[in-house]
Amino acid sequence: MNMGMDMRMSIGMNMTTKLHPTHIIIHHSATADSGTVSWQAIRNYHINTQKWNDIGYHFGIELINNEYEIMIGRPITEYGAHCKELQMNRRSIGVCCIGNYDDTPPPVQLLSKLEYLVLWLMNIYHIRVECVLGHREVGEMAGFDWKKGQYKSCPGTKFNMRQLRDRLLQAMP
Ligand SMILES: [Zn+2]
């Protein structure tokens, strides 16, 4: 038994990989980003109120003091709980940007940290830029019109997904 195996067993990590992601879905928390940690509050809400096993997202981007940080959520090997349309929970990575982007566009610093994370995930899982979608775009693909209130506007009406994909495309190696 090697050291890695021993460590995984000792922390009780599930070694089977359920999730084989083909998509990355971007969300917002629709809450104010106060500059303190809300990630744990979201995790508590998902566990205690929604009765899920863990936070629904795999990753978050949050302003901590003056820096945007990548927060770790549910293990990347597990199915998420962030977008049930088109079975996306079973085939996508969920990333939540803390803040409300119905009110204001996402800050440049947040977007650059998000791009860094998404490029990294695209690279590892061979995910195409067309498969990086906003939550509302999945709703549209499933036949719901968010502009008519049939679906969430997530990751915010002021969050420009096309621009994000253009920037990812430019940054791709
Ligand atoms: Zn969402």
# chains A, B, ... in the order shown; residues from 1 in each chain; ligands from 1

$ residues_near_ligand --ligand "ligand 1" --cutoff "6 Å" --atoms "only C-alpha atoms and all ligand atoms" --output "list in words"
His27, His28, His135, Cys154 and Pro155 of chain A

$ write_last_selection --atoms "N, CA and C atoms" --output "PDB file, in the first residue's frame"
ATOM      1  N   HIS A  27     -22.783  29.992 -12.203  1.00  0.00           N
ATOM      2  CA  HIS A  27     -23.889  30.504 -11.386  1.00  0.00           C
ATOM      3  C   HIS A  27     -23.462  31.778 -10.662  1.00  0.00           C
ATOM      4  N   HIS A  28     -24.460  32.479 -10.106  1.00  0.00           N
ATOM      5  CA  HIS A  28     -24.148  33.476  -9.067  1.00  0.00           C
ATOM      6  C   HIS A  28     -24.939  33.105  -7.819  1.00  0.00           C
ATOM      7  N   HIS A 135     -26.112  29.254 -16.185  1.00  0.00           N
ATOM      8  CA  HIS A 135     -27.268  28.468 -15.732  1.00  0.00           C
ATOM      9  C   HIS A 135     -28.499  28.771 -16.593  1.00  0.00           C
ATOM     10  N   CYS A 154     -29.853  33.499 -13.548  1.00  0.00           N
ATOM     11  CA  CYS A 154     -28.517  33.089 -13.105  1.00  0.00           C
ATOM     12  C   CYS A 154     -27.559  32.829 -14.283  1.00  0.00           C
ATOM     13  N   PRO A 155     -26.332  33.302 -14.302  1.00  0.00           N
ATOM     14  CA  PRO A 155     -25.584  33.993 -13.228  1.00  0.00           C
ATOM     15  C   PRO A 155     -25.784  35.509 -13.183  1.00  0.00           C
TER      16      PRO A 155
END

$ residues_around --residues "segment 80-83 of chain A" --least-positions-apart "5" --cutoff "6 Å" --atoms "only C-alpha atoms" --output "list in words"
Gly56, Tyr57, Met88 and Asn89 of chain A

$ write_last_selection --atoms "N, CA and C atoms" --output "short mmCIF file (atom, residue, chain, number, x, y, z; two decimals), in the first residue's frame"
data_model
loop_
_atom_site.label_atom_id
_atom_site.label_comp_id
_atom_site.auth_asym_id
_atom_site.auth_seq_id
_atom_site.Cartn_x
_atom_site.Cartn_y
_atom_site.Cartn_z
N GLY A 56 -23.91 22.41 -3.10
CA GLY A 56 -24.30 21.92 -4.42
C GLY A 56 -23.29 22.16 -5.52
N TYR A 57 -22.41 23.16 -5.33
CA TYR A 57 -21.43 23.54 -6.35
C TYR A 57 -20.08 22.84 -6.11
N MET A 88 -27.83 18.08 -16.15
CA MET A 88 -26.53 18.73 -15.98
C MET A 88 -25.85 18.40 -14.65
N ASN A 89 -26.63 18.06 -13.63
CA ASN A 89 -25.99 17.68 -12.36
C ASN A 89 -25.08 16.46 -12.55
#

$ closest_residue --among "A:Thr104, A:Thr16, A:Thr22, A:Ser38" --to "His126 of chain A" --atoms "only C-alpha atoms"
A:Thr22

$ select_by_dssp --residues "segment 17-137 of chain A" --states "strand (DSSP E)" --output "PyMOL selection string"
chain A and resi 23-28+59-64+67-72+92-97+132-134

$ residues_around --residues "Lys152 of chain A" --least-positions-apart "3" --cutoff "8 Å" --atoms "only C-alpha atoms" --output "list in words"
His135, Arg136, Gly139, Trp146 and Gly149 of chain A

$ write_last_selection --atoms "C-alpha atoms" --output "short mmCIF file (atom, residue, chain, number, x, y, z; two decimals), in the first residue's frame"
data_model
loop_
_atom_site.label_atom_id
_atom_site.label_comp_id
_atom_site.auth_asym_id
_atom_site.auth_seq_id
_atom_site.Cartn_x
_atom_site.Cartn_y
_atom_site.Cartn_z
CA HIS A 135 -27.27 28.47 -15.73
CA ARG A 136 -29.97 30.44 -17.63
CA GLY A 139 -32.77 26.74 -19.01
CA TRP A 146 -35.87 33.42 -18.31
CA GLY A 149 -39.77 34.69 -15.66
#

$ residues_around --residues "Ile93 of chain A" --least-positions-apart "2" --cutoff "9 Å" --atoms "only C-alpha atoms" --output "NGL selection string"
:A and (19 or 21-26 or 57-59 or 76 or 79-80 or 82 or 88-91 or 95 or 121)

$ write_last_selection --atoms "N, CA and C atoms" --output "short mmCIF file (atom, residue, chain, number, x, y, z; two decimals), in the first residue's frame"
data_model
loop_
_atom_site.label_atom_id
_atom_site.label_comp_id
_atom_site.auth_asym_id
_atom_site.auth_seq_id
_atom_site.Cartn_x
_atom_site.Cartn_y
_atom_site.Cartn_z
N LEU A 19 -18.60 11.48 -11.54
CA LEU A 19 -18.75 12.58 -12.50
C LEU A 19 -17.68 12.54 -13.59
N PRO A 21 -17.31 15.06 -16.38
CA PRO A 21 -17.97 16.28 -16.88
C PRO A 21 -17.70 16.60 -18.34
N THR A 22 -18.77 17.01 -19.02
CA THR A 22 -18.65 17.49 -20.40
C THR A 22 -18.95 18.99 -20.47
N HIS A 23 -19.50 19.55 -19.40
CA HIS A 23 -19.89 20.95 -19.36
C HIS A 23 -19.44 21.62 -18.05
N ILE A 24 -19.33 22.94 -18.12
CA ILE A 24 -19.10 23.74 -16.91
C ILE A 24 -20.25 24.75 -16.85
N ILE A 25 -20.95 24.78 -15.72
CA ILE A 25 -22.10 25.69 -15.58
C ILE A 25 -21.75 26.79 -14.57
N ILE A 26 -21.96 28.04 -15.02
CA ILE A 26 -21.63 29.19 -14.18
C ILE A 26 -22.90 29.71 -13.50
N TYR A 57 -22.41 23.16 -5.33
CA TYR A 57 -21.43 23.54 -6.35
C TYR A 57 -20.08 22.84 -6.11
N HIS A 58 -19.32 22.70 -7.18
CA HIS A 58 -17.97 22.13 -7.02
C HIS A 58 -16.94 23.20 -6.64
N PHE A 59 -17.16 24.41 -7.17
CA PHE A 59 -16.23 25.50 -6.87
C PHE A 59 -16.99 26.80 -6.69
N ILE A 76 -14.89 16.97 -6.83
CA ILE A 76 -15.06 16.98 -8.29
C ILE A 76 -15.44 15.61 -8.85
N TYR A 79 -21.36 13.90 -8.32
CA TYR A 79 -22.37 14.68 -9.03
C TYR A 79 -22.70 15.93 -8.22
N GLY A 80 -22.97 17.04 -8.94
CA GLY A 80 -23.34 18.27 -8.26
C GLY A 80 -24.83 18.35 -7.99
N HIS A 82 -26.82 21.62 -8.74
CA HIS A 82 -26.84 23.04 -9.11
C HIS A 82 -27.64 23.32 -10.37
N MET A 88 -27.83 18.08 -16.15
CA MET A 88 -26.53 18.73 -15.98
C MET A 88 -25.85 18.40 -14.65
N ASN A 89 -26.63 18.06 -13.63
CA ASN A 89 -25.99 17.68 -12.36
C ASN A 89 -25.08 16.46 -12.55
N ARG A 90 -25.45 15.65 -13.51
CA ARG A 90 -24.69 14.41 -13.73
C ARG A 90 -23.60 14.54 -14.77
N ARG A 91 -23.54 15.70 -15.43
CA ARG A 91 -22.51 15.81 -16.46
C ARG A 91 -21.80 17.16 -16.50
N VAL A 95 -19.91 25.99 -10.94
CA VAL A 95 -19.06 27.04 -10.36
C VAL A 95 -19.95 28.22 -9.98
N LEU A 121 -9.98 23.79 -15.68
CA LEU A 121 -10.93 22.66 -15.75
C LEU A 121 -11.14 22.20 -17.18
#

$ residues_around --residues "Leu169 of chain A" --least-positions-apart "4" --cutoff "10 Å" --atoms "only C-alpha atoms" --output "list in words"
Leu119, Arg128, Val129, Glu130, Gln163, Leu164, Arg165 and Pro173 of chain A

$ write_last_selection --atoms "C-alpha atoms" --output "PDB file, in the first residue's frame"
ATOM      1  CA  LEU A 119      -9.430  27.250 -18.317  1.00  0.00           C
ATOM      2  CA  ARG A 128     -14.963  22.772 -25.234  1.00  0.00           C
ATOM      3  CA  VAL A 129     -15.588  26.493 -24.829  1.00  0.00           C
ATOM      4  CA  GLU A 130     -19.138  26.072 -26.261  1.00  0.00           C
ATOM      5  CA  GLN A 163     -18.023  37.724 -23.563  1.00  0.00           C
ATOM      6  CA  LEU A 164     -16.729  35.159 -21.056  1.00  0.00           C
ATOM      7  CA  ARG A 165     -16.521  32.497 -23.785  1.00  0.00           C
ATOM      8  CA  PRO A 173      -3.299  27.689 -25.523  1.00  0.00           C
TER       9      PRO A 173
END

$ closest_residue --among "A:Asp103, A:Glu140, A:Glu115, A:Asp145" --to "Phe159 of chain A" --atoms "only C-alpha atoms"
A:Asp103

$ select_by_dssp --residues "chain A" --states "helix (DSSP H, G or I)" --output "VMD selection string"
chain A and resid 3 to 10 39 to 49 85 to 90 108 to 125 129 to 131 135 to 141 146 to 148 161 to 171

$ closest_residue --among "A:Met172, A:His46, A:Leu63, A:Gly73" --to "Lys113 of chain A" --atoms "only C-alpha atoms"
A:Leu63

$ atom_distance --atom1 "atom CA of Asn53 of chain A" --atom2 "atom CA of Thr17 of chain A"
16.3 Å

$ atom_distance --atom1 "atom CA of Asp54 of chain A" --atom2 "atom CA of Met71 of chain A"
13.7 Å

$ closest_residue --among "A:Val108, A:Ala30, A:Met141, A:Leu133" --to "Arg162 of chain A" --atoms "only C-alpha atoms"
A:Leu133
